[in-house]
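Novice: This is the content of entry-v9.csv (CSV, C-alpha atoms and all ligand atoms):
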```csv
chain,number,residue,atom,x,y,z
W,1,MET,CA,-63.3,80.4,53.1
W,2,LYS,CA,-61.4,77.5,51.6
W,3,VAL,CA,-62.4,75.9,48.4
W,4,HIS,CA,-62.1,72.2,47.5
W,5,ASN,CA,-58.7,72.2,46.0
W,6,PHE,CA,-58.0,69.4,43.5
W,7,ASN,CA,-54.9,71.0,41.9
W,8,ALA,CA,-52.3,68.6,40.7
W,9,GLY,CA,-49.4,70.5,42.3
W,10,PRO,CA,-48.6,72.7,44.0
W,11,SER,CA,-51.7,71.6,45.9
W,12,VAL,CA,-53.7,71.6,49.0
W,13,LEU,CA,-51.9,71.7,52.4
W,14,PRO,CA,-53.3,71.0,55.9
W,15,ASN,CA,-54.8,74.0,57.6
W,16,GLU,CA,-52.7,73.4,60.7
W,17,VAL,CA,-49.6,73.7,58.6
W,18,LEU,CA,-50.7,76.9,56.9
W,19,TYR,CA,-51.6,78.4,60.2
W,20,LYS,CA,-48.3,77.6,61.8
W,21,ALA,CA,-46.4,78.7,58.8
W,22,SER,CA,-48.2,82.1,58.7
W,23,LYS,CA,-47.4,82.6,62.4
W,24,ALA,CA,-43.7,81.8,61.7
W,25,LEU,CA,-43.7,84.4,58.9
W,26,ILE,CA,-44.1,87.1,61.5
W,27,ASP,CA,-42.4,85.5,64.5
W,28,PHE,CA,-40.5,82.2,64.3
W,29,GLU,CA,-40.9,80.5,67.7
W,30,GLY,CA,-40.6,83.6,69.7
W,31,SER,CA,-37.2,84.6,68.1
W,32,GLY,CA,-38.6,88.1,67.2
W,33,MET,CA,-37.6,87.3,63.6
W,34,SER,CA,-39.6,85.9,60.7
W,35,ILE,CA,-38.6,82.4,59.5
W,36,LEU,CA,-37.6,84.3,56.4
W,37,GLU,CA,-35.1,86.4,58.4
W,38,ILE,CA,-33.2,83.8,60.4
W,39,GLY,CA,-29.8,82.6,59.3
W,40,HIS,CA,-29.8,79.1,57.9
W,41,ARG,CA,-26.8,78.1,60.0
W,42,THR,CA,-28.4,79.2,63.3
W,43,GLU,CA,-29.4,76.6,65.8
W,44,PRO,CA,-33.2,77.0,65.3
W,45,PHE,CA,-33.0,76.5,61.6
W,46,VAL,CA,-30.5,73.6,61.7
W,47,ALA,CA,-33.0,72.0,64.1
W,48,VAL,CA,-35.8,72.4,61.5
W,49,MET,CA,-33.6,70.8,58.8
W,50,GLU,CA,-32.6,67.9,61.0
W,51,GLU,CA,-36.2,67.3,62.1
W,52,ALA,CA,-37.4,67.3,58.5
W,53,ARG,CA,-34.7,64.9,57.4
W,54,ASN,CA,-35.4,62.6,60.4
W,55,LEU,CA,-39.1,62.6,59.9
W,56,VAL,CA,-38.5,61.4,56.3
W,57,ARG,CA,-36.4,58.6,57.6
W,58,GLU,CA,-38.9,57.7,60.3
W,59,LEU,CA,-42.1,57.9,58.2
W,60,MET,CA,-40.6,55.9,55.3
W,61,GLN,CA,-38.7,53.6,57.7
W,62,LEU,CA,-35.5,53.9,55.8
W,63,ASP,CA,-32.5,51.8,56.8
W,64,ASP,CA,-29.2,53.2,57.9
W,65,ASP,CA,-27.6,53.2,54.5
W,66,PHE,CA,-29.9,56.0,53.5
W,67,GLU,CA,-29.2,59.7,53.6
W,68,VAL,CA,-32.0,62.3,53.3
W,69,LEU,CA,-31.4,65.6,51.5
W,70,TYR,CA,-33.5,68.7,50.8
W,71,LEU,CA,-32.2,70.2,47.6
W,72,HIS,CA,-33.1,73.0,45.2
W,73,GLY,CA,-34.2,72.7,41.6
W,74,GLY,CA,-37.3,70.5,41.8
W,75,ALA,CA,-37.6,66.9,40.6
W,76,THR,CA,-36.6,68.3,37.2
W,77,THR,CA,-33.0,68.8,38.4
W,78,GLN,CA,-33.0,65.2,39.6
W,79,PHE,CA,-33.6,64.0,36.0
W,80,MET,CA,-30.1,65.3,35.4
W,81,GLN,CA,-28.5,64.9,38.8
W,82,VAL,CA,-29.3,61.2,39.1
W,83,PRO,CA,-27.4,60.1,35.9
W,84,MET,CA,-24.6,62.6,36.5
W,85,ASN,CA,-23.9,61.0,39.9
W,86,LEU,CA,-24.7,57.4,39.1
W,87,LEU,CA,-24.3,56.6,35.4
W,88,GLU,CA,-20.8,56.1,34.0
W,89,SER,CA,-20.6,57.4,30.4
W,90,SER,CA,-19.8,54.0,29.0
W,91,GLU,CA,-22.6,52.3,30.8
W,92,THR,CA,-26.4,51.8,30.4
W,93,ALA,CA,-29.3,52.8,32.6
W,94,ALA,CA,-32.7,51.2,32.2
W,95,TYR,CA,-35.8,53.4,32.2
W,96,VAL,CA,-39.5,52.7,32.0
W,97,ASP,CA,-41.4,55.3,29.9
W,98,THR,CA,-44.8,55.9,31.5
W,99,GLY,CA,-45.4,59.5,30.4
W,100,VAL,CA,-44.1,63.0,30.2
W,101,TRP,CA,-42.1,63.0,33.4
W,102,SER,CA,-40.4,59.7,32.6
W,103,ASN,CA,-39.6,61.1,29.2
W,104,LYS,CA,-37.9,64.1,30.6
W,105,ALA,CA,-35.8,61.9,32.9
W,106,ILE,CA,-34.9,59.7,29.9
W,107,LYS,CA,-33.8,62.7,27.8
W,108,GLU,CA,-31.5,64.0,30.5
W,109,ALA,CA,-30.0,60.6,31.2
W,110,LYS,CA,-29.0,60.4,27.6
W,111,LEU,CA,-26.6,63.3,28.2
W,112,PHE,CA,-24.5,61.2,30.5
W,113,GLY,CA,-24.5,57.6,29.3
W,114,PHE,CA,-26.5,55.0,27.4
W,115,VAL,CA,-30.2,54.6,28.1
W,116,ASP,CA,-32.3,51.5,27.4
W,117,VAL,CA,-36.0,52.2,27.5
W,118,VAL,CA,-37.1,48.8,28.6
W,119,ALA,CA,-40.8,49.4,28.3
W,120,SER,CA,-43.2,52.1,27.3
W,121,SER,CA,-47.0,52.7,27.3
W,122,LYS,CA,-46.7,55.5,24.8
W,123,ASP,CA,-48.6,53.7,22.0
W,124,SER,CA,-51.7,53.7,24.1
W,125,ASN,CA,-51.4,57.3,25.3
W,126,TYR,CA,-49.9,56.1,28.6
W,127,ASN,CA,-53.1,54.6,29.8
W,128,HIS,CA,-51.5,51.8,31.7
W,129,ILE,CA,-48.3,50.7,33.4
W,130,PRO,CA,-46.2,48.2,31.3
W,131,LYS,CA,-46.0,44.9,33.1
W,132,GLN,CA,-43.6,42.9,30.8
W,133,PHE,CA,-40.0,44.0,30.4
W,134,ASN,CA,-36.5,42.7,30.7
W,135,ILE,CA,-33.9,44.6,32.6
W,136,PRO,CA,-30.4,44.1,31.3
W,137,PRO,CA,-28.5,42.6,34.3
W,138,GLN,CA,-25.5,44.9,33.7
W,139,ALA,CA,-27.7,48.1,33.8
W,140,SER,CA,-26.4,50.7,36.3
W,141,TYR,CA,-30.0,51.2,37.6
W,142,LEU,CA,-33.7,51.0,36.7
W,143,HIS,CA,-35.6,54.2,36.8
W,144,ILE,CA,-39.4,54.3,37.2
W,145,THR,CA,-42.0,57.1,37.9
W,146,THR,CA,-44.2,55.6,40.5
W,147,ASN,CA,-47.2,57.9,39.8
W,148,ASN,CA,-47.8,59.5,36.5
W,149,THR,CA,-49.4,62.8,37.5
W,150,ILE,CA,-50.6,63.8,34.0
W,151,TYR,CA,-52.1,60.5,32.9
W,152,GLY,CA,-53.3,59.2,36.3
W,153,THR,CA,-51.5,55.9,36.3
W,154,GLN,CA,-49.6,54.4,39.3
W,155,TRP,CA,-47.3,51.4,39.8
W,156,HIS,CA,-49.1,49.1,42.2
W,157,MET,CA,-46.2,46.7,42.4
W,158,THR,CA,-42.5,47.2,42.7
W,159,PRO,CA,-40.4,45.8,39.8
W,160,VAL,CA,-38.4,42.8,40.9
W,161,THR,CA,-34.8,43.3,39.9
W,162,ASP,CA,-31.2,42.9,41.1
W,163,VAL,CA,-30.1,46.2,39.7
W,164,PRO,CA,-30.5,49.3,41.9
W,165,LEU,CA,-34.0,50.8,41.7
W,166,ILE,CA,-34.5,54.5,41.4
W,167,ALA,CA,-37.9,56.3,41.5
W,168,ASP,CA,-39.4,59.6,40.9
W,169,MET,CA,-42.1,59.6,43.6
W,170,SER,CA,-43.0,63.3,43.2
W,171,SER,CA,-46.7,62.7,43.1
W,172,ASP,CA,-47.3,59.8,45.4
W,173,ILE,CA,-44.5,60.1,48.0
W,174,MET,CA,-45.7,59.1,51.5
W,175,SER,CA,-49.3,58.4,50.3
W,176,ARG,CA,-49.1,54.6,50.7
W,177,SER,CA,-47.1,51.9,52.5
W,178,MET,CA,-44.2,50.6,50.4
W,179,ASP,CA,-41.0,48.9,51.2
W,180,PHE,CA,-38.9,52.0,50.5
W,181,ASN,CA,-35.8,50.1,51.3
W,182,LYS,CA,-36.1,48.2,48.0
W,183,TYR,CA,-35.0,51.4,46.4
W,184,SER,CA,-31.6,52.9,46.1
W,185,LEU,CA,-32.6,56.4,45.4
W,186,ILE,CA,-36.0,58.1,45.8
W,187,TYR,CA,-36.7,61.7,44.8
W,188,ALA,CA,-39.7,63.9,45.0
W,189,GLY,CA,-40.5,67.6,44.5
W,190,VAL,CA,-42.1,68.3,47.9
W,191,GLN,CA,-45.0,70.4,46.6
W,192,LYS,CA,-47.7,67.7,46.5
W,193,ASN,CA,-47.6,65.4,49.6
W,194,MET,CA,-44.6,66.8,51.5
W,195,GLY,CA,-45.1,70.6,51.6
W,196,ALA,CA,-44.9,73.7,49.4
W,197,ALA,CA,-42.9,74.3,46.2
W,198,GLY,CA,-39.2,75.2,46.5
W,199,ALA,CA,-37.5,72.1,47.8
W,200,THR,CA,-36.8,68.6,46.5
W,201,MET,CA,-36.4,65.6,48.8
W,202,VAL,CA,-33.7,63.0,47.8
W,203,ALA,CA,-33.3,59.8,49.8
W,204,ILE,CA,-30.1,58.1,48.6
W,205,ARG,CA,-28.1,55.0,49.6
W,206,LYS,CA,-24.6,56.0,50.5
W,207,SER,CA,-23.4,52.7,48.9
W,208,MET,CA,-24.5,54.1,45.5
W,209,LEU,CA,-21.9,56.9,45.5
W,210,GLY,CA,-18.4,57.2,44.3
W,211,LYS,CA,-18.8,54.9,41.3
W,212,VAL,CA,-18.6,57.3,38.4
W,213,SER,CA,-15.3,58.7,37.1
W,214,ARG,CA,-16.6,62.0,35.7
W,215,LYS,CA,-15.9,65.2,37.7
W,216,ILE,CA,-19.2,66.4,39.3
W,217,PRO,CA,-19.7,70.1,40.0
W,218,ALA,CA,-19.8,70.7,43.7
W,219,ILE,CA,-23.4,71.8,43.9
W,220,LEU,CA,-24.6,68.7,42.0
W,221,ASP,CA,-22.6,66.2,43.9
W,222,TYR,CA,-24.8,64.2,46.3
W,223,LYS,CA,-21.8,63.3,48.4
W,224,ASN,CA,-21.0,67.0,49.0
W,225,HIS,CA,-24.6,67.6,50.2
W,226,ILE,CA,-24.4,64.6,52.5
W,227,ASP,CA,-21.1,65.7,54.0
W,228,ASN,CA,-22.5,69.2,54.6
W,229,GLY,CA,-25.7,68.0,56.3
W,230,SER,CA,-27.9,69.1,53.4
W,231,MET,CA,-26.6,72.6,54.1
W,232,LEU,CA,-23.9,73.0,51.3
W,233,ASN,CA,-25.4,76.4,50.4
W,234,THR,CA,-28.4,78.3,51.6
W,235,PRO,CA,-31.3,75.8,51.6
W,236,PRO,CA,-34.8,76.8,50.6
W,237,VAL,CA,-35.5,77.7,54.3
W,238,PHE,CA,-39.3,78.4,54.1
W,239,ALA,CA,-40.0,75.3,51.9
W,240,VAL,CA,-38.0,73.1,54.2
W,241,TYR,CA,-39.9,74.5,57.2
W,242,ILE,CA,-43.3,73.9,55.6
W,243,SER,CA,-42.2,70.4,54.7
W,244,MET,CA,-41.1,69.7,58.3
W,245,LEU,CA,-44.6,70.9,59.5
W,246,THR,CA,-46.3,68.8,56.9
W,247,LEU,CA,-44.4,65.7,58.0
W,248,ARG,CA,-45.2,66.5,61.6
W,249,TRP,CA,-48.8,66.6,60.6
W,250,LEU,CA,-48.6,63.3,58.7
W,251,LYS,CA,-47.0,61.7,61.8
W,252,GLU,CA,-49.9,63.0,64.0
W,253,GLN,CA,-52.4,61.5,61.6
W,254,GLY,CA,-50.8,58.1,62.2
W,255,GLY,CA,-48.1,58.2,59.5
W,256,ILE,CA,-48.2,56.6,56.1
W,257,PRO,CA,-50.4,53.5,57.0
W,258,ALA,CA,-53.1,55.8,58.4
W,259,ILE,CA,-53.1,58.3,55.5
W,260,GLU,CA,-53.1,55.3,53.0
W,261,LYS,CA,-56.4,54.1,54.4
W,262,ILE,CA,-58.0,57.6,53.9
W,263,ASN,CA,-56.4,57.9,50.4
W,264,GLU,CA,-57.9,54.5,49.5
W,265,LYS,CA,-61.3,55.6,50.7
W,266,LYS,CA,-61.2,58.9,48.8
W,267,ALA,CA,-60.1,57.2,45.6
W,268,ALA,CA,-62.7,54.4,46.0
W,269,LEU,CA,-65.5,57.0,46.4
W,270,LEU,CA,-64.5,58.9,43.3
W,271,TYR,CA,-63.7,56.0,41.0
W,272,ASP,CA,-67.0,54.3,42.0
W,273,GLU,CA,-68.9,57.4,40.8
W,274,ILE,CA,-66.8,57.6,37.6
W,275,ASP,CA,-67.7,53.9,36.9
W,276,HIS,CA,-71.4,54.3,37.6
W,277,ASN,CA,-72.3,57.7,36.4
W,278,PRO,CA,-73.3,57.5,32.7
W,279,LEU,CA,-71.8,60.9,31.9
W,280,PHE,CA,-68.2,60.1,32.8
W,281,ARG,CA,-65.6,57.6,31.8
W,282,GLY,CA,-62.2,56.8,33.3
W,283,THR,CA,-59.3,57.0,30.9
W,284,VAL,CA,-56.8,54.5,32.3
W,285,ALA,CA,-56.7,50.7,32.9
W,286,LYS,CA,-58.5,50.0,36.1
W,287,GLU,CA,-55.7,48.0,37.7
W,288,ASP,CA,-53.3,50.9,37.1
W,289,ARG,CA,-55.4,53.7,38.4
W,290,SER,CA,-53.7,56.3,40.5
W,291,LEU,CA,-55.0,56.9,44.0
W,292,MET,CA,-53.6,60.4,43.7
W,293,ASN,CA,-54.7,61.7,40.3
W,294,ALA,CA,-58.0,60.4,38.8
W,295,CYS,CA,-58.3,61.2,35.1
W,296,PHE,CA,-61.7,60.9,33.3
W,297,ILE,CA,-63.6,62.4,30.4
W,298,MET,CA,-67.1,62.9,29.3
W,299,ASP,CA,-68.6,61.0,26.4
W,300,LYS,CA,-70.1,64.3,25.3
W,301,PRO,CA,-67.0,66.6,25.4
W,302,GLU,CA,-69.2,69.6,24.5
W,303,MET,CA,-70.6,69.4,28.1
W,304,GLU,CA,-67.1,69.6,29.7
W,305,GLU,CA,-67.0,73.4,29.9
W,306,GLU,CA,-70.5,73.5,31.4
W,307,PHE,CA,-69.5,71.0,34.1
W,308,LEU,CA,-66.4,72.9,34.9
W,309,LYS,CA,-68.5,76.1,35.4
W,310,PHE,CA,-70.9,74.2,37.5
W,311,CYS,CA,-68.1,72.9,39.7
W,312,LYS,CA,-66.6,76.4,40.1
W,313,LYS,CA,-69.9,77.5,41.5
W,314,GLU,CA,-69.7,74.7,44.1
W,315,ASP,CA,-66.2,75.9,45.1
W,316,ILE,CA,-64.5,73.0,43.3
W,317,VAL,CA,-61.2,74.1,41.7
W,318,GLY,CA,-58.3,72.5,39.9
W,319,ILE,CA,-60.1,69.7,38.1
W,320,LYS,CA,-59.4,70.6,34.4
W,321,GLY,CA,-57.3,67.8,32.9
W,322,HIS,CA,-53.8,68.4,31.6
W,323,ARG,CA,-53.7,69.6,28.0
W,324,LEU,CA,-52.2,66.3,26.9
W,325,SER,CA,-54.9,64.1,28.3
W,326,GLY,CA,-57.9,66.4,28.2
W,327,GLY,CA,-61.1,65.9,30.3
W,328,PHE,CA,-60.7,66.1,34.0
W,329,ARG,CA,-58.0,65.3,36.6
W,330,VAL,CA,-59.0,65.2,40.2
W,331,SER,CA,-56.0,65.2,42.4
W,332,MET,CA,-56.5,63.7,45.9
W,333,TYR,CA,-53.2,64.2,47.7
W,334,ASN,CA,-52.7,63.5,51.4
W,335,ALA,CA,-54.0,66.8,52.7
W,336,LEU,CA,-57.2,66.8,50.7
W,337,PRO,CA,-60.1,66.1,53.1
W,338,TYR,CA,-62.5,63.2,52.4
W,339,GLU,CA,-65.3,65.7,52.5
W,340,SER,CA,-63.9,67.4,49.4
W,341,VAL,CA,-64.2,64.2,47.5
W,342,GLU,CA,-67.8,63.8,48.8
W,343,VAL,CA,-68.6,67.3,47.4
W,344,MET,CA,-67.0,66.4,44.1
W,345,VAL,CA,-69.0,63.2,43.8
W,346,GLU,CA,-72.3,65.1,44.8
W,347,ALA,CA,-71.5,67.6,42.0
W,348,MET,CA,-71.1,64.7,39.5
W,349,LYS,CA,-74.4,63.1,40.6
W,350,TYR,CA,-76.3,66.4,40.5
W,351,PHE,CA,-75.0,67.4,37.1
W,352,SER,CA,-75.8,64.0,35.7
W,353,LEU,CA,-79.4,64.2,37.0
W,354,LYS,CA,-79.8,67.7,35.6
W,355,LYS,CA,-78.8,66.4,32.2
W,356,ALA,CA,-80.9,63.2,32.3
N,401,LIG,N1,-42.1,64.2,38.3
N,401,LIG,C1,-43.4,64.1,38.5
N,401,LIG,C2,-44.0,62.8,38.6
N,401,LIG,C3,-44.2,65.3,38.6
N,401,LIG,O1,-45.5,65.2,38.8
N,401,LIG,C4,-43.6,66.6,38.4
N,401,LIG,C5,-44.4,67.8,38.5
N,401,LIG,O2,-45.6,67.8,38.6
N,401,LIG,C6,-42.2,66.6,38.2
N,401,LIG,C7,-41.5,65.4,38.1
N,401,LIG,C8,-41.5,67.9,38.0
N,401,LIG,O3,-41.3,68.4,39.3
N,401,LIG,P1,-40.7,69.9,39.5
N,401,LIG,O4,-41.6,70.9,39.0
N,401,LIG,O5,-40.5,69.9,41.0
N,401,LIG,O6,-39.4,69.9,38.8
```
Will you turn the file into structure tokens for me?
Ligand code: PLP

Specialist:
Amino acid sequence: MKVHNFNAGPSVLPNEVLYKASKALIDFEGSGMSILEIGHRTEPFVAVMEEARNLVRELMQLDDDFEVLYLHGGATTQFMQVPMNLLESSETAAYVDTGVWSNKAIKEAKLFGFVDVVASSKDSNYNHIPKQFNIPPQASYLHITTNNTIYGTQWHMTPVTDVPLIADMSSDIMSRSMDFNKYSLIYAGVQKNMGAAGATMVAIRKSMLGKVSRKIPAILDYKNHIDNGSMLNTPPVFAVYISMLTLRWLKEQGGIPAIEKINEKKAALLYDEIDHNPLFRGTVAKEDRSLMNACFIMDKPEMEEEFLKFCKKEDIVGIKGHRLSGGFRVSMYNALPYESVEVMVEAMKYFSLKKA
């Protein structure tokens, strides 16, 4: 029996994907071999990699300047790989600080060039997205984190700028319609909306490359990965396969516009309960609330443990807030069924009635 899985990542995957992946673990498409046993340069796996890369292009409607890569190392490696490839040591990159993940990206960028933190919501414990900031026109790029997984804030507009825009979309990639072509580089660990842990998706404009003078180690050079069809070394075969299945599933649902409608419905249901139930209170500015991770607390924190235990009995898992923000964090990624949010809301209602 499956539980209602609100984990922040790795997180819930569609049943169809899990079923197909488990079959492929024993026999990959009738090859008599497990997906774990096939050579990554054999025709069946190259086809998987190509389908995954093409599905990213198709679902995000990327223009022809973009290349899509599946890399190792998680989004955390991108914190370093982005400035190593794109920031000249004498130049400045602009970053917006919206929480832990932005901070990690900022720290790594400082190893390669100058960093201008053009805005930060740190003083208010990252409870909103900064709206007012100036981007130096000579900045090599502007980096934002579109969804702040720990604090539950999300950018609901795209910054208007002439400098190349780069985004860590690890926790809201493919969850809502956006003009992805406004970006010059998008990266995301795939373990939330795009599959299982082990691979990182990078969509990069070719026109961004070849501009820095430093020598880049082969494995960290985007151009090298592009030239080798995202197959420079052994790719994370199983993670890429699961991502491909997850993207096929997303396409079958009607793509990003269709999943966006469901995501909006799920978030509306939960936030409505947070706003009307006297026991709970949202922790972030309403206009910046994340549709993926809803963060809230109880006015009586001594009740939190009891509520968690109660939820566990209802097969609700993964709702404890991050240690930095406390309270609860309910993650509602693409594969989370609407019914799970209904169960969550019922639990909040029932618990509140019991305590009244
Ligand atoms: N960026 C964001 C927004 C995240 O939510 C996470 C992980 O949860 C990361 C980066 C780090 O990703 P990874 O563990 O793939 O390095």

Novice: Using all atoms listed in the file, which residues sit within 7 Å of Ser175 of chain W once same-chain residues fewer than 6 positions away are excluded, as a CSV table (one decimal) with C-alpha atoms, keeping the file's coordinate frame?

Specialist:
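Output saved as around29.csv:
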```csv
chain,number,residue,atom,x,y,z
W,256,ILE,CA,-48.2,56.6,56.1
W,259,ILE,CA,-53.1,58.3,55.5
W,260,GLU,CA,-53.1,55.3,53.0
W,334,ASN,CA,-52.7,63.5,51.4
```

Novice: Find the residues with any atom within 12 Å of (-45.5, 53.0, 48.1); use only C-alpha atoms and the coordinates as given in the file, and write the answer as a VMD selection string.

Specialist: chain W and resid 59 to 61 145 to 147 154 to 158 167 to 183 186 256 to 257 259 to 260 290 to 292

Novice: Please return as number ranges by chain the residues found within 10 Å of ligand LIG 401 (chain N), counting all atoms listed in the file.

Specialist: W: 8-10, 72-79, 98-105, 144-150, 167-173, 187-192, 197-201, 293

Novice: How would the residues just picked look written out with C-alpha atoms as a CSV table (one decimal), in the frame of the given file?

Specialist:
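Final output, out.csv:
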```csv
chain,number,residue,atom,x,y,z
W,8,ALA,CA,-52.3,68.6,40.7
W,9,GLY,CA,-49.4,70.5,42.3
W,10,PRO,CA,-48.6,72.7,44.0
W,72,HIS,CA,-33.1,73.0,45.2
W,73,GLY,CA,-34.2,72.7,41.6
W,74,GLY,CA,-37.3,70.5,41.8
W,75,ALA,CA,-37.6,66.9,40.6
W,76,THR,CA,-36.6,68.3,37.2
W,77,THR,CA,-33.0,68.8,38.4
W,78,GLN,CA,-33.0,65.2,39.6
W,79,PHE,CA,-33.6,64.0,36.0
W,98,THR,CA,-44.8,55.9,31.5
W,99,GLY,CA,-45.4,59.5,30.4
W,100,VAL,CA,-44.1,63.0,30.2
W,101,TRP,CA,-42.1,63.0,33.4
W,102,SER,CA,-40.4,59.7,32.6
W,103,ASN,CA,-39.6,61.1,29.2
W,104,LYS,CA,-37.9,64.1,30.6
W,105,ALA,CA,-35.8,61.9,32.9
W,144,ILE,CA,-39.4,54.3,37.2
W,145,THR,CA,-42.0,57.1,37.9
W,146,THR,CA,-44.2,55.6,40.5
W,147,ASN,CA,-47.2,57.9,39.8
W,148,ASN,CA,-47.8,59.5,36.5
W,149,THR,CA,-49.4,62.8,37.5
W,150,ILE,CA,-50.6,63.8,34.0
W,167,ALA,CA,-37.9,56.3,41.5
W,168,ASP,CA,-39.4,59.6,40.9
W,169,MET,CA,-42.1,59.6,43.6
W,170,SER,CA,-43.0,63.3,43.2
W,171,SER,CA,-46.7,62.7,43.1
W,172,ASP,CA,-47.3,59.8,45.4
W,173,ILE,CA,-44.5,60.1,48.0
W,187,TYR,CA,-36.7,61.7,44.8
W,188,ALA,CA,-39.7,63.9,45.0
W,189,GLY,CA,-40.5,67.6,44.5
W,190,VAL,CA,-42.1,68.3,47.9
W,191,GLN,CA,-45.0,70.4,46.6
W,192,LYS,CA,-47.7,67.7,46.5
W,197,ALA,CA,-42.9,74.3,46.2
W,198,GLY,CA,-39.2,75.2,46.5
W,199,ALA,CA,-37.5,72.1,47.8
W,200,THR,CA,-36.8,68.6,46.5
W,201,MET,CA,-36.4,65.6,48.8
W,293,ASN,CA,-54.7,61.7,40.3
```

Novice: Let me make sure I understand: among W:Gln81, W:Asn127, W:Ser230, W:Ser340, which one has the smallest atom-to-atom distance to Thr153 of chain W if we use only C-alpha atoms?

Specialist: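 The answer is W:Asn127, which sits nearest to Thr153 of chain W.
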
Novice: How many Å lie between atom CA of Phe328 of chain W and atom CA of Ile297 of chain W, rounded to one decimal?

Specialist: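 These atoms are spaced 5.9 Å apart.
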